[in-house]
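Worksheet: the structure to be examined is printed underneath.
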Amino acid sequence: MAQLFLFDMQSPRMTASTASTPSILPENAIEVLGLKKTYKGNGKAPPKVALRGVDLTVKRGSMFGLLGPNGAGKSTLINIIAGVVNKSEGTVKIWDRDIDTHSRDARSALGVVPQEIVADVFFTPRESLEVQAGFYGVPADERRSDELLAALGLSDKANAYVRSLSGGMKRRLMVAKALVHNPPVLILDEPTAGVDVELRRQLWDYVRKINEEGVTVILTTHYLEEAQELCDTIAIVNRGEVITCEPTEQLLRRLDTRNVVVTPETPVTTLPVLNGFSVTSRANGAFAVTYRTGEASVEQVLAAVRGAGISIHDITTEDPDLEDVFLALTYGDTSRPDPTKD
Ligand SMILES: Nc1ncnc2c1ncn2[C@@H]1O[C@H](COP(=O)(O)OP(=O)(O)OP(=O)(O)O)[C@@H](O)[C@H]1O
């Protein structure tokens, strides 16, 4: 039977258990409602709106991907959930505990692997885990530092100087640290930045394993492929809003977008306005037209380009990246505020 996690009301810590009373487990691991955040300005910098009213539900047991381009608001959202950034408005519940009224319990339900690598240079990896476990009040006989080190491929570095670890090892140590108190919810903020392919695979194998054991996992990434491969549900954040949140398969069916990259006879200096298509500039006066394969064809794109008075020298087609997907999903929504104008 999969290992489930129960909230121990005597102590804020999670206790792993083969629960026979699943009814006490919350339906949702995270519930965010009407979340807004404006960073205060200072001196010359004006206030910055980072979240514009986010509603988000992460089901218990999910492997949840939070995607968005740079500056979309992912880290702000994660940092508010983690209790390291104050929200401006809205409510957040972790494992049914409101972060305002039950902050300690809420935080104990959560393990967070931050984006930046933070290494405790004064401790060995084992000491680092022990200190963290102490911080969460995990009794000595319930600590599992060695188990975590082994699970993350760090056993032979248990007593090494942390500064002798590679970037990938430090990141895995941070995953271990986030798990010392056995939280039922784990957030990984950009976990594969700077991690090589092999280590990335190991990390994902482990994350998949703990997810199968019952831990709800939320990961933020820029990479659609990564989220696609790992996550059962994907939310896309853009300009401080969740523009979609749905099962991965359903989302991918909707992301039927392609790019046609057009090299004109005469390089363009102003992007053409093509009815029904989003257009982005490329080097040397070329441009890319993003279209939905279910709604248009390459021929129709080219006809629109010619209709705008442009003679075509060459074309190539390509799969879109996430930016293009956002453009396609948000295309034509002129009500959406431009974050650069804040
Ligand atoms: N401490 C801060 N003070 C002022 N503005 C901030 C602060 N932190 C973030 N921002 C701004 O808030 C917006 C959202 O940033 P955030 O870091 O949450 O986005 P992100 O999606 O995590 O981006 P990335 O993928 O680059 O980490 C951005 O415009 C950013 O410049």
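Labeling convention for the structure tokens: chains A, B, ... as they appear, residues from 1 per chain, ligands from 1 in order of appearance.
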
**OP:** Write out as number ranges by chain each polymer residue whose atoms come within 9 Å of A:Ser75, counting only C-alpha atoms; drop sequence neighbours fewer than 4 positions from it.
**Re:** A: 71, 79-80, 114-115, 189, 220

**OP:** Return as a ChimeraX atom specification the residues of protein, DNA or RNA that approach ligand 1 to within 7 Å, with only C-alpha atoms and all ligand atoms taken into account.
**Re:** /A:39-40,48-50,68-77,222,240,339

Original post:
Which residues, written as a ChimeraX atom specification, have at least one atom at most 12 Å from A:Thr244, with only C-alpha atoms counted and residues fewer than 5 positions away on the same chain left out?
Top reply: /A:54-57,65-68,233-238,250-252,254-255,325-326,329-330

Subject >> One-decimal distance in Å that lies between atom CA of A:Glu226 and atom CA of A:Arg52 >> reply: 26.1 Å

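Taking atom CA of A:Val242 and atom CA of A:Ala29 as the two end points, the separation is 17.7 Å.
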
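For A:Leu274, the residues within 12 Å (counting only C-alpha atoms, excluding itself and residues fewer than 2 positions away along the chain) are Leu271, Pro272, Gly276, Phe277, Ser278, Val279, Thr280, Phe287, Ala288, Val289, Thr290, Tyr291, Gln300, Val301, Leu302, Ala303, Ala304, Val305, Arg306, Gly307, Ala308, Gly309, Ile310, Tyr331 and Gly332 of chain A.
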
Selected residues, N, CA and C atoms, written as a CSV table (one decimal), in the first residue's frame, please.
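Output below, filename again_37.csv:
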```
chain,number,residue,atom,x,y,z
A,271,LEU,N,6.8,44.7,-37.7
A,271,LEU,CA,6.2,43.4,-37.8
A,271,LEU,C,4.8,43.6,-38.5
A,272,PRO,N,4.5,42.7,-39.4
A,272,PRO,CA,3.2,42.8,-40.1
A,272,PRO,C,2.1,42.4,-39.1
A,276,GLY,N,-5.6,37.2,-36.9
A,276,GLY,CA,-5.8,35.9,-36.4
A,276,GLY,C,-4.5,35.1,-36.0
A,277,PHE,N,-3.4,35.8,-36.3
A,277,PHE,CA,-2.1,35.1,-35.9
A,277,PHE,C,-1.3,36.0,-35.1
A,278,SER,N,-0.5,35.4,-34.2
A,278,SER,CA,0.5,36.3,-33.5
A,278,SER,C,1.8,36.2,-34.2
A,279,VAL,N,2.5,37.4,-34.2
A,279,VAL,CA,3.7,37.5,-35.0
A,279,VAL,C,4.8,38.0,-34.0
A,280,THR,N,6.0,37.4,-34.1
A,280,THR,CA,7.1,37.8,-33.3
A,280,THR,C,8.4,38.0,-34.2
A,287,PHE,N,10.6,37.0,-39.3
A,287,PHE,CA,9.6,37.0,-38.2
A,287,PHE,C,8.9,35.6,-38.2
A,288,ALA,N,8.4,35.3,-37.0
A,288,ALA,CA,7.7,34.0,-36.8
A,288,ALA,C,6.2,34.3,-36.7
A,289,VAL,N,5.4,33.4,-37.4
A,289,VAL,CA,4.0,33.5,-37.3
A,289,VAL,C,3.5,32.3,-36.5
A,290,THR,N,2.8,32.4,-35.4
A,290,THR,CA,2.3,31.3,-34.6
A,290,THR,C,0.9,31.0,-35.0
A,291,TYR,N,0.5,29.8,-35.3
A,291,TYR,CA,-0.8,29.5,-35.7
A,291,TYR,C,-1.3,28.2,-35.0
A,300,GLN,N,-2.5,29.1,-45.4
A,300,GLN,CA,-3.3,30.2,-44.9
A,300,GLN,C,-2.4,31.3,-44.3
A,301,VAL,N,-1.4,30.8,-43.5
A,301,VAL,CA,-0.4,31.7,-42.9
A,301,VAL,C,0.3,32.5,-44.0
A,302,LEU,N,0.8,31.7,-45.0
A,302,LEU,CA,1.6,32.4,-46.1
A,302,LEU,C,0.7,33.3,-46.9
A,303,ALA,N,-0.6,32.9,-47.1
A,303,ALA,CA,-1.5,33.8,-47.8
A,303,ALA,C,-1.6,35.1,-47.1
A,304,ALA,N,-1.7,35.0,-45.7
A,304,ALA,CA,-1.9,36.2,-44.9
A,304,ALA,C,-0.6,37.1,-45.0
A,305,VAL,N,0.6,36.4,-45.0
A,305,VAL,CA,1.8,37.2,-45.1
A,305,VAL,C,1.9,37.9,-46.5
A,306,ARG,N,1.5,37.2,-47.5
A,306,ARG,CA,1.5,37.8,-48.9
A,306,ARG,C,0.5,39.0,-48.9
A,307,GLY,N,-0.7,38.7,-48.3
A,307,GLY,CA,-1.7,39.7,-48.2
A,307,GLY,C,-1.3,41.0,-47.6
A,308,ALA,N,-0.3,40.9,-46.7
A,308,ALA,CA,0.2,42.1,-46.0
A,308,ALA,C,1.3,42.8,-46.9
A,309,GLY,N,1.5,42.3,-48.1
A,309,GLY,CA,2.4,42.9,-49.0
A,309,GLY,C,3.8,42.5,-48.9
A,310,ILE,N,4.0,41.3,-48.3
A,310,ILE,CA,5.4,40.9,-48.1
A,310,ILE,C,5.8,39.8,-49.1
A,331,TYR,N,-3.4,35.4,-27.2
A,331,TYR,CA,-3.5,36.3,-28.3
A,331,TYR,C,-4.9,36.9,-28.4
A,332,GLY,N,-4.9,38.2,-28.7
A,332,GLY,CA,-6.2,38.9,-28.9
A,332,GLY,C,-6.8,39.4,-27.6
```

Original post:
Residues of stretch 56-238 of chain A in helix (DSSP H, G or I) according to DSSP, as a count of residues only?
Top reply: 76

Original post:
Could you name the residues that touch A:Ser155 at 10 Å or less, counting only C-alpha atoms, but leaving out those on the same chain fewer than 4 positions away, as a PyMOL selection string?
Top reply: chain A and resi 125-126+145-151+159-160

Original post:
Which one is closest to A:Leu219: A:Ala286, A:Thr263, A:Val113, A:Arg253? Count only C-alpha atoms.
Top reply: A:Val113

**OP:** Could you give me the residues within stretch 165-274 of chain A that DSSP places in strand (DSSP E), as number ranges by chain?
**Re:** A: 185-189, 216-221, 233-238, 241-247, 257-264

Subject >> Residue with smallest distance to A:Asn28 - pool A:Arg144, A:Arg282, A:Arg60, A:Arg208, counting only C-alpha atoms >> reply: A:Arg60

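We find atom CA of A:Val268 and atom CA of A:Glu318 to be spaced 20.1 Å apart.
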
Subject >> Residue contacts of A:Val197 (12 Å, only C-alpha atoms) excluding same-chain residues fewer than 6 positions away, as a count of residues only >> reply: 4
